[in-house]
Amino acid sequence: MAAKIDKNAAVVVETIDPNAVKQELLARYPTKVARKRAKQIVINKVSDDQSVPEIGSNSRAIPGIITQRGCSYAGCKGVVLGPTRDFVNLTHGPIGCGFYSWLTRRNQTRPPTAEDANFLPYCFSTDLQDEDIVFGGEKKLRAAIQEAYDIFKPKAISIFATCPVGLIGDDIHNVAKEMKEKLGINIFAFSCEGYKGVSQSAGHHIANNGIFKHVVGIEEEAAREGKFRVNMLGEYNIGGDGFEIDRITEKCGITTVATFSGNSTYDQFASAHTADLNAIMCHRSINYVAEMMEKKFGIPWIKINFIGANSAAKSLRKIAKYFQDPELTERVEAVIAEEMVEVEKVQAEVRARCEGKLAMLFVGGSRAHHYQELFAEIGMKTISAGYEFAHRDDYEGRRVLPDIKVDADSRNIEELVVNPDPDRYRPRKSAEQIEELSKMGFSFKDYEGMMPDMANGTLVIDDISQYETERMIEIYKPAIFCAGIKEKYAIQKKGVPMKQLHSYDSGGPYAGFKGAVNFYREIDRMVNCKVWSYLKAPWQTNPELAATYACE
Ligand code: CFM
């Protein structure tokens, strides 16, 4: 029996009781585990003031439960800094860490010419061996930095610690300092050992701190000039999303000074402080840089989202409103009108075949929210969603920030003390201008979170386990399940199409207007494909097989 939700009506109309589903998911766990999971499995209810129930998140995964989370190193090296093409990202650790964080999420880059540096095709690692663990790996690290320098002459080298490096106590920061003096290029290190924090989220924070401390603001000349200058924060160019966003913003006359960090370069980070606005796509992974840039340089930040055609349009309008320039506003409206022609055509065509179908989304720390919009545009309903490693503010909105308890795991991650730069702090808007904009409904430093955008009665599940994933599929039989490579084949074996929203499988871009069209078509193909109905083996539908002997 499929559940029916009506997103416009406040209440979920369905034949499946979400309370019963929750109880069923918990029933298999020992009492203590069930008590903890109960806080992380929430039946959504949006109040008139947009507040939602509290959800347990950003806490340690329970041993024994198969979590889909990644590690701190993955968040730091793989996610935030990995997509930058022209400095050497060197993994200090066993080869597996470097190898598995090397382009597996399909972050793309496009150097302007073949002569420009692009190190993404290389996987740099110190390849630690047993004897290095016993006798220390600093010597090997020094040698690797020297070798990378000799061969590639990069602008900078960043070093990433993996678990064993922290355990044996290699002083990577000291090696970085020493080699920086010796080679005369910027070399800096990240103590992002995999075990730091409870998930990759800790690694984001460590990456944000490091890039802010060592790179942002060290160059005064911006590589790109323009009238409306923004940084795109938390956009990693997976499957070419960033290219599509650049296409749209350029068409509108908006200049992207730096992207953190899809298709980015060292110089972009270094001159990012010259932009006039920080626009945040993925709040979870990069809000720290935005906050610090505001404090130090006076650049305000706003939340935007280019996933979903309507969201893309809204985001462009928000940027235009910030600049308060009639010409830009006009240009933005013209671009939206032009782009929406194709979008609306495909939307209508696909909607006819997808309307009312159910989707489940369990991804990272922002996409489980953003992609609900794309599904809604073709009439599909999100019956359940959750993040792997998000914090309460990503679920419930930044309004809950003061209520979030900081536990020992979060306290382990350094909070940088940032003050206004004595020479370079420059508020981009006066207090009056900010007030004026607020009166017009413009919100700075705000993110409402995923839950206020979801229907009542939907299940929001943090750090979903493999067991819960399988039960949810059996109970709701969604038309599509979105997650990552770890879940992919188990889901498909249940006869449900599965879309990877981390790497996009081999697809994308899905951002912006062209991306939306791609996504509609892709989902249409997937949810209306007959092949899933043939997945049952003959004996599952007809247990009595008859045969005769060829000769008696
Ligand atoms: Fe941000 Fe990301 Fe995500 Fe993320 Fe990620 Fe990713 Fe993700 Mo995979 S930065 S939180 S750590 S949007 S790699 S590009 S898809 S889990 S939802």
# chains A, B, ... in the order shown; residues from 1 in each chain; ligands from 1
call {"tool": "residues_near_ligand", "arguments": {"ligand": "ligand 1", "cutoff": "8 Å", "atoms": "only C-alpha atoms and all ligand atoms", "output": "VMD selection string"}}
result
chain A and resid 74 to 75 78 to 80 105 200 to 201 204 234 to 238 281 to 286 363 to 368 387 to 390 484 501 to 503
call {"tool": "write_last_selection", "arguments": {"atoms": "C-alpha atoms", "output": "PDB file, in the first residue's frame"}}
result
ATOM      1  CA  ALA A  74      36.949  12.459   3.972  1.00  0.00           C
ATOM      2  CA  GLY A  75      35.208  15.709   4.907  1.00  0.00           C
ATOM      3  CA  GLY A  78      37.827  14.596  -0.029  1.00  0.00           C
ATOM      4  CA  VAL A  79      35.052  17.147   0.225  1.00  0.00           C
ATOM      5  CA  VAL A  80      36.257  20.664   0.910  1.00  0.00           C
ATOM      6  CA  ARG A 105      32.503  11.878  -6.019  1.00  0.00           C
ATOM      7  CA  GLN A 200      32.940  13.946   7.983  1.00  0.00           C
ATOM      8  CA  SER A 201      31.305  17.069   9.397  1.00  0.00           C
ATOM      9  CA  HIS A 204      34.564  20.272   7.031  1.00  0.00           C
ATOM     10  CA  GLY A 234      29.640  25.039  -0.620  1.00  0.00           C
ATOM     11  CA  GLU A 235      29.417  24.232  -4.335  1.00  0.00           C
ATOM     12  CA  TYR A 236      31.715  21.381  -5.317  1.00  0.00           C
ATOM     13  CA  ASN A 237      31.029  20.944  -9.020  1.00  0.00           C
ATOM     14  CA  ILE A 238      29.849  17.370  -8.754  1.00  0.00           C
ATOM     15  CA  MET A 281      24.869  26.489  -1.349  1.00  0.00           C
ATOM     16  CA  CYS A 282      25.795  23.807   1.180  1.00  0.00           C
ATOM     17  CA  HIS A 283      25.358  25.308   4.590  1.00  0.00           C
ATOM     18  CA  ARG A 284      26.688  22.285   6.456  1.00  0.00           C
ATOM     19  CA  SER A 285      30.112  22.097   4.935  1.00  0.00           C
ATOM     20  CA  ILE A 286      31.094  25.748   4.700  1.00  0.00           C
ATOM     21  CA  VAL A 363      22.265  11.973   1.766  1.00  0.00           C
ATOM     22  CA  GLY A 364      25.031  13.890   3.498  1.00  0.00           C
ATOM     23  CA  GLY A 365      24.193  17.213   5.035  1.00  0.00           C
ATOM     24  CA  SER A 366      22.334  19.302   2.460  1.00  0.00           C
ATOM     25  CA  ARG A 367      21.190  17.392  -0.600  1.00  0.00           C
ATOM     26  CA  ALA A 368      18.442  15.451   1.181  1.00  0.00           C
ATOM     27  CA  TYR A 387      21.045  13.378   6.605  1.00  0.00           C
ATOM     28  CA  GLU A 388      24.085  11.316   7.417  1.00  0.00           C
ATOM     29  CA  PHE A 389      25.947  13.878   9.462  1.00  0.00           C
ATOM     30  CA  ALA A 390      24.060  17.173   9.545  1.00  0.00           C
ATOM     31  CA  GLY A 484      25.110   6.706  -2.095  1.00  0.00           C
ATOM     32  CA  LEU A 501      22.943  11.836  -5.060  1.00  0.00           C
ATOM     33  CA  HIS A 502      26.578  12.065  -4.019  1.00  0.00           C
ATOM     34  CA  SER A 503      28.296  11.231  -7.299  1.00  0.00           C
TER      35      SER A 503
END
call {"tool": "residues_around", "arguments": {"residues": "Met292 of chain A", "least_positions_apart": "6", "cutoff": "12 Å", "atoms": "only C-alpha atoms", "output": "list of chain:residue names"}}
result
A:His205, A:Asn208, A:Asn209, A:Gly210, A:Ile211, A:Phe212, A:Lys213, A:Val216, A:Gly217, A:His273, A:Asn278, A:Ile286, A:Gly298, A:Ile299, A:Pro300, A:Trp301, A:Glu415, A:Leu416, A:Val417, A:Val418, A:Asn419, A:Pro420, A:Asp421, A:Tyr425
call {"tool": "select_by_dssp", "arguments": {"residues": "segment 276-401 of chain A", "states": "alpha helix (DSSP H)", "output": "PyMOL selection string"}}
result
chain A and resi 283-297+309-323+326-354+367-377+392-396
call {"tool": "residues_around", "arguments": {"residues": "Ile55 of chain A", "least_positions_apart": "4", "cutoff": "12 Å", "atoms": "only C-alpha atoms", "output": "ChimeraX atom specification"}}
result
/A:36-45,51,59,386-387,390-397,400,404,449-451,459-463
call {"tool": "write_last_selection", "arguments": {"atoms": "N, CA and C atoms", "output": "compact mmCIF listing (two decimals), in the first residue's frame"}}
result
# COMPACT_ATOMS: atom_id res chain seq x y z
N LYS A 36 18.17 5.71 22.01
CA LYS A 36 18.97 6.70 21.29
C LYS A 36 18.42 6.91 19.87
N ARG A 37 18.11 5.82 19.20
CA ARG A 37 17.60 5.95 17.84
C ARG A 37 16.24 6.68 17.82
N ALA A 38 15.48 6.51 18.90
CA ALA A 38 14.15 7.16 18.94
C ALA A 38 14.28 8.67 18.79
N LYS A 39 15.38 9.23 19.31
CA LYS A 39 15.58 10.69 19.20
C LYS A 39 15.97 11.09 17.78
N GLN A 40 16.51 10.12 17.05
CA GLN A 40 16.98 10.43 15.69
C GLN A 40 15.96 10.09 14.60
N ILE A 41 14.86 9.51 15.03
CA ILE A 41 13.78 9.20 14.07
C ILE A 41 12.57 10.04 14.49
N VAL A 42 12.25 11.01 13.67
CA VAL A 42 11.25 11.99 14.08
C VAL A 42 10.11 12.05 13.06
N ILE A 43 8.90 12.14 13.58
CA ILE A 43 7.75 12.32 12.69
C ILE A 43 7.55 13.83 12.56
N ASN A 44 7.63 14.29 11.35
CA ASN A 44 7.67 15.75 11.15
C ASN A 44 6.33 16.42 11.47
N LYS A 45 6.46 17.58 12.07
CA LYS A 45 5.26 18.39 12.32
C LYS A 45 5.68 19.85 12.32
N SER A 51 8.36 26.21 13.45
CA SER A 51 9.22 25.37 14.29
C SER A 51 8.83 23.90 14.10
N SER A 59 25.70 13.10 16.64
CA SER A 59 26.22 12.37 17.79
C SER A 59 26.83 11.07 17.26
N GLY A 386 16.54 12.18 5.29
CA GLY A 386 17.44 12.37 6.43
C GLY A 386 18.85 12.64 5.96
N TYR A 387 19.64 13.11 6.89
CA TYR A 387 21.04 13.38 6.61
C TYR A 387 21.92 12.32 7.27
N ALA A 390 24.42 15.77 9.33
CA ALA A 390 24.06 17.17 9.55
C ALA A 390 23.85 17.45 11.03
N HIS A 391 23.78 18.73 11.35
CA HIS A 391 23.53 19.14 12.73
C HIS A 391 22.07 19.59 12.83
N ARG A 392 21.65 19.87 14.04
CA ARG A 392 20.24 20.24 14.21
C ARG A 392 19.84 21.44 13.36
N ASP A 393 20.75 22.41 13.19
CA ASP A 393 20.37 23.60 12.41
C ASP A 393 20.07 23.27 10.94
N ASP A 394 20.71 22.22 10.41
CA ASP A 394 20.42 21.84 9.03
C ASP A 394 19.03 21.20 8.92
N TYR A 395 18.59 20.59 9.99
CA TYR A 395 17.25 20.01 10.01
C TYR A 395 16.19 21.03 10.40
N GLU A 396 16.47 21.72 11.51
CA GLU A 396 15.42 22.53 12.14
C GLU A 396 15.55 24.03 11.85
N GLY A 397 16.66 24.43 11.25
CA GLY A 397 16.88 25.84 10.96
C GLY A 397 17.82 26.48 11.97
N VAL A 400 17.62 27.30 15.96
CA VAL A 400 17.91 26.45 17.13
C VAL A 400 19.38 26.50 17.55
N ILE A 404 21.69 24.36 20.80
CA ILE A 404 22.45 23.14 20.53
C ILE A 404 23.52 22.93 21.60
N GLY A 449 16.42 25.28 7.24
CA GLY A 449 16.53 23.84 7.48
C GLY A 449 15.58 23.02 6.64
N MET A 450 15.76 21.71 6.73
CA MET A 450 15.00 20.80 5.88
C MET A 450 13.58 20.53 6.38
N MET A 451 13.44 20.37 7.68
CA MET A 451 12.15 19.91 8.18
C MET A 451 10.98 20.87 7.94
N LEU A 459 8.65 10.99 7.70
CA LEU A 459 9.65 10.53 8.67
C LEU A 459 11.01 11.13 8.36
N VAL A 460 11.57 11.77 9.36
CA VAL A 460 12.91 12.35 9.20
C VAL A 460 13.86 11.49 10.04
N ILE A 461 14.84 10.91 9.37
CA ILE A 461 15.70 9.94 10.06
C ILE A 461 17.16 10.36 9.93
N ASP A 462 17.78 10.59 11.07
CA ASP A 462 19.19 10.98 11.06
C ASP A 462 20.07 9.74 11.07
N ASP A 463 21.15 9.77 10.28
CA ASP A 463 22.13 8.68 10.26
C ASP A 463 21.43 7.33 10.11
call {"tool": "residues_around", "arguments": {"residues": "segment 436-440 of chain A", "least_positions_apart": "6", "cutoff": "10 Å", "atoms": "only C-alpha atoms", "output": "PDB file with all heavy atoms, in the first residue's frame"}}
result
ATOM      1  N   LYS A 321      18.556  41.191  -5.522  1.00  0.00           N
ATOM      2  CA  LYS A 321      17.957  42.063  -4.505  1.00  0.00           C
ATOM      3  C   LYS A 321      19.042  42.618  -3.577  1.00  0.00           C
ATOM      4  O   LYS A 321      18.994  43.784  -3.170  1.00  0.00           O
ATOM      5  CB  LYS A 321      16.962  41.250  -3.691  1.00  0.00           C
ATOM      6  CG  LYS A 321      15.905  42.059  -2.988  1.00  0.00           C
ATOM      7  CD  LYS A 321      14.860  41.108  -2.435  1.00  0.00           C
ATOM      8  CE  LYS A 321      13.669  41.813  -1.875  1.00  0.00           C
ATOM      9  NZ  LYS A 321      12.697  40.875  -1.331  1.00  0.00           N
ATOM     10  N   TYR A 322      19.988  41.793  -3.273  1.00  0.00           N
ATOM     11  CA  TYR A 322      21.077  42.224  -2.390  1.00  0.00           C
ATOM     12  C   TYR A 322      21.803  43.420  -3.001  1.00  0.00           C
ATOM     13  O   TYR A 322      22.123  44.384  -2.320  1.00  0.00           O
ATOM     14  CB  TYR A 322      22.039  41.066  -2.157  1.00  0.00           C
ATOM     15  CG  TYR A 322      23.331  41.472  -1.478  1.00  0.00           C
ATOM     16  CD1 TYR A 322      23.381  41.632  -0.095  1.00  0.00           C
ATOM     17  CD2 TYR A 322      24.485  41.714  -2.213  1.00  0.00           C
ATOM     18  CE1 TYR A 322      24.558  42.021   0.537  1.00  0.00           C
ATOM     19  CE2 TYR A 322      25.663  42.093  -1.598  1.00  0.00           C
ATOM     20  CZ  TYR A 322      25.697  42.259  -0.222  1.00  0.00           C
ATOM     21  OH  TYR A 322      26.863  42.646   0.391  1.00  0.00           O
ATOM     22  N   GLN A 324      20.652  45.487  -5.216  1.00  0.00           N
ATOM     23  CA  GLN A 324      19.762  46.636  -5.420  1.00  0.00           C
ATOM     24  C   GLN A 324      20.110  47.424  -6.679  1.00  0.00           C
ATOM     25  O   GLN A 324      20.233  48.655  -6.634  1.00  0.00           O
ATOM     26  CB  GLN A 324      19.838  47.572  -4.198  1.00  0.00           C
ATOM     27  CG  GLN A 324      19.226  46.991  -2.936  1.00  0.00           C
ATOM     28  CD  GLN A 324      17.717  47.073  -2.950  1.00  0.00           C
ATOM     29  OE1 GLN A 324      17.150  48.151  -2.926  1.00  0.00           O
ATOM     30  NE2 GLN A 324      17.059  45.931  -3.049  1.00  0.00           N
ATOM     31  N   LYS A 429      27.391  46.637   3.444  1.00  0.00           N
ATOM     32  CA  LYS A 429      26.118  47.371   3.502  1.00  0.00           C
ATOM     33  C   LYS A 429      26.081  48.173   4.794  1.00  0.00           C
ATOM     34  O   LYS A 429      26.549  47.686   5.835  1.00  0.00           O
ATOM     35  CB  LYS A 429      24.937  46.390   3.506  1.00  0.00           C
ATOM     36  CG  LYS A 429      24.794  45.541   2.253  1.00  0.00           C
ATOM     37  CD  LYS A 429      23.925  46.228   1.222  1.00  0.00           C
ATOM     38  CE  LYS A 429      23.914  45.431  -0.069  1.00  0.00           C
ATOM     39  NZ  LYS A 429      23.507  46.222  -1.223  1.00  0.00           N
ATOM     40  N   SER A 430      25.497  49.356   4.730  1.00  0.00           N
ATOM     41  CA  SER A 430      25.358  50.157   5.942  1.00  0.00           C
ATOM     42  C   SER A 430      24.211  49.578   6.777  1.00  0.00           C
ATOM     43  O   SER A 430      23.387  48.805   6.271  1.00  0.00           O
ATOM     44  CB  SER A 430      25.050  51.608   5.584  1.00  0.00           C
ATOM     45  OG  SER A 430      23.772  51.666   4.977  1.00  0.00           O
TER      46      SER A 430
END
call {"tool": "residues_around", "arguments": {"residues": "Ala385 of chain A", "least_positions_apart": "5", "cutoff": "6 Å", "atoms": "only C-alpha atoms", "output": "PDB file with N, CA, C and O atoms, in the first residue's frame"}}
result
ATOM      1  N   MET A 360      12.443   8.763  -1.471  1.00  0.00           N
ATOM      2  CA  MET A 360      13.133   8.824  -0.179  1.00  0.00           C
ATOM      3  C   MET A 360      14.548   9.329  -0.453  1.00  0.00           C
ATOM      4  O   MET A 360      15.173   8.894  -1.419  1.00  0.00           O
ATOM      5  N   LEU A 361      15.021  10.209   0.423  1.00  0.00           N
ATOM      6  CA  LEU A 361      16.352  10.784   0.199  1.00  0.00           C
ATOM      7  C   LEU A 361      17.182  10.737   1.483  1.00  0.00           C
ATOM      8  O   LEU A 361      16.790  11.342   2.486  1.00  0.00           O
ATOM      9  N   PHE A 362      18.274  10.042   1.423  1.00  0.00           N
ATOM     10  CA  PHE A 362      19.178   9.981   2.584  1.00  0.00           C
ATOM     11  C   PHE A 362      20.597  10.281   2.126  1.00  0.00           C
ATOM     12  O   PHE A 362      21.294   9.422   1.601  1.00  0.00           O
ATOM     13  N   VAL A 460      11.574  11.771   9.361  1.00  0.00           N
ATOM     14  CA  VAL A 460      12.914  12.347   9.198  1.00  0.00           C
ATOM     15  C   VAL A 460      13.858  11.485  10.037  1.00  0.00           C
ATOM     16  O   VAL A 460      13.649  11.327  11.240  1.00  0.00           O
TER      17      VAL A 460
END
call {"tool": "residues_around", "arguments": {"residues": "segment 531-544 of chain A", "least_positions_apart": "5", "cutoff": "8 Å", "atoms": "only C-alpha atoms", "output": "list in words"}}
result
Lys493, Gly495, Val496 and Pro497 of chain A
call {"tool": "closest_residue", "arguments": {"among": "A:Asp86, A:Asp407, A:Glu330, A:Asp49", "to": "Asp267 of chain A", "atoms": "only C-alpha atoms"}}
result
A:Asp86
call {"tool": "atom_distance", "arguments": {"atom1": "atom CA of Ile475 of chain A", "atom2": "atom CA of Thr458 of chain A"}}
result
13.3 Å
call {"tool": "residues_around", "arguments": {"residues": "Gly194 of chain A", "least_positions_apart": "6", "cutoff": "8 Å", "atoms": "only C-alpha atoms", "output": "PyMOL selection string"}}
result
chain A and resi 71-74+162-163
call {"tool": "select_by_dssp", "arguments": {"residues": "segment 109-187 of chain A", "states": "strand (DSSP E or B)", "output": "list in words"}}
result
Phe124, Ser125, Ala156, Ile157, Ser158, Ile159, Phe160, Ala161, Asn186 and Ile187 of chain A
call {"tool": "write_last_selection", "arguments": {"atoms": "N, CA and C atoms", "output": "PDB file, in the first residue's frame"}}
result
ATOM      1  N   PHE A 124      48.011  12.002  -4.702  1.00  0.00           N
ATOM      2  CA  PHE A 124      49.266  12.166  -3.956  1.00  0.00           C
ATOM      3  C   PHE A 124      49.146  11.543  -2.568  1.00  0.00           C
ATOM      4  N   SER A 125      50.079  10.663  -2.256  1.00  0.00           N
ATOM      5  CA  SER A 125      50.035  10.016  -0.941  1.00  0.00           C
ATOM      6  C   SER A 125      51.443   9.643  -0.502  1.00  0.00           C
ATOM      7  N   ALA A 156      51.124  25.725  -3.988  1.00  0.00           N
ATOM      8  CA  ALA A 156      50.961  25.386  -2.578  1.00  0.00           C
ATOM      9  C   ALA A 156      50.836  23.876  -2.442  1.00  0.00           C
ATOM     10  N   ILE A 157      51.130  23.402  -1.235  1.00  0.00           N
ATOM     11  CA  ILE A 157      50.930  21.983  -0.936  1.00  0.00           C
ATOM     12  C   ILE A 157      50.170  21.895   0.382  1.00  0.00           C
ATOM     13  N   SER A 158      49.124  21.114   0.393  1.00  0.00           N
ATOM     14  CA  SER A 158      48.401  20.911   1.653  1.00  0.00           C
ATOM     15  C   SER A 158      48.542  19.451   2.055  1.00  0.00           C
ATOM     16  N   ILE A 159      48.670  19.248   3.352  1.00  0.00           N
ATOM     17  CA  ILE A 159      48.922  17.897   3.870  1.00  0.00           C
ATOM     18  C   ILE A 159      47.730  17.480   4.733  1.00  0.00           C
ATOM     19  N   PHE A 160      47.290  16.262   4.543  1.00  0.00           N
ATOM     20  CA  PHE A 160      46.132  15.780   5.291  1.00  0.00           C
ATOM     21  C   PHE A 160      46.504  14.560   6.122  1.00  0.00           C
ATOM     22  N   ALA A 161      46.185  14.631   7.405  1.00  0.00           N
ATOM     23  CA  ALA A 161      46.499  13.511   8.293  1.00  0.00           C
ATOM     24  C   ALA A 161      45.409  12.455   8.227  1.00  0.00           C
ATOM     25  N   ASN A 186      53.557  28.158  -0.252  1.00  0.00           N
ATOM     26  CA  ASN A 186      52.661  27.990   0.891  1.00  0.00           C
ATOM     27  C   ASN A 186      52.424  26.499   1.150  1.00  0.00           C
ATOM     28  N   ILE A 187      52.785  26.065   2.343  1.00  0.00           N
ATOM     29  CA  ILE A 187      52.559  24.665   2.704  1.00  0.00           C
ATOM     30  C   ILE A 187      51.865  24.639   4.061  1.00  0.00           C
TER      31      ILE A 187
END
call {"tool": "decode", "arguments": {"residues": "segment 47-59 of chain A", "atoms": "N, CA, C and O atoms", "output": "short mmCIF file (atom, residue, chain, number, x, y, z; two decimals), in the first residue's frame"}}
result
data_model
loop_
_atom_site.label_atom_id
_atom_site.label_comp_id
_atom_site.auth_asym_id
_atom_site.auth_seq_id
_atom_site.Cartn_x
_atom_site.Cartn_y
_atom_site.Cartn_z
N SER A 47 4.97 23.64 12.85
CA SER A 47 4.02 24.53 13.53
C SER A 47 3.84 25.81 12.73
O SER A 47 4.57 26.07 11.78
N ASP A 48 2.89 26.60 13.16
CA ASP A 48 2.59 27.85 12.43
C ASP A 48 3.80 28.78 12.37
O ASP A 48 3.98 29.51 11.41
N ASP A 49 4.62 28.74 13.44
CA ASP A 49 5.79 29.62 13.43
C ASP A 49 6.99 28.94 12.76
O ASP A 49 8.13 29.36 12.93
N GLN A 50 6.71 27.87 12.01
CA GLN A 50 7.74 27.13 11.27
C GLN A 50 8.67 26.30 12.16
O GLN A 50 9.66 25.76 11.69
N SER A 51 8.36 26.21 13.45
CA SER A 51 9.22 25.37 14.29
C SER A 51 8.83 23.90 14.10
O SER A 51 7.70 23.59 13.72
N VAL A 52 9.79 23.04 14.36
CA VAL A 52 9.61 21.60 14.13
C VAL A 52 10.12 20.83 15.34
O VAL A 52 10.84 21.41 16.17
N PRO A 53 9.81 19.55 15.46
CA PRO A 53 10.31 18.82 16.63
C PRO A 53 11.83 18.71 16.61
O PRO A 53 12.45 18.75 15.55
N GLU A 54 12.39 18.57 17.80
CA GLU A 54 13.85 18.44 17.91
C GLU A 54 14.29 17.06 17.41
O GLU A 54 13.63 16.06 17.66
N ILE A 55 15.41 17.05 16.69
CA ILE A 55 15.93 15.77 16.19
C ILE A 55 17.35 15.54 16.76
O ILE A 55 18.14 16.48 16.84
N GLY A 56 17.61 14.31 17.14
CA GLY A 56 18.95 13.96 17.60
C GLY A 56 19.87 13.85 16.39
O GLY A 56 19.54 13.19 15.41
N SER A 57 21.00 14.54 16.42
CA SER A 57 21.92 14.49 15.28
C SER A 57 23.32 14.85 15.73
O SER A 57 23.51 15.32 16.85
N ASN A 58 24.28 14.64 14.83
CA ASN A 58 25.68 14.97 15.10
C ASN A 58 26.18 14.32 16.40
O ASN A 58 26.92 14.91 17.15
N SER A 59 25.70 13.10 16.64
CA SER A 59 26.22 12.37 17.79
C SER A 59 26.83 11.07 17.26
O SER A 59 26.58 10.68 16.12
#
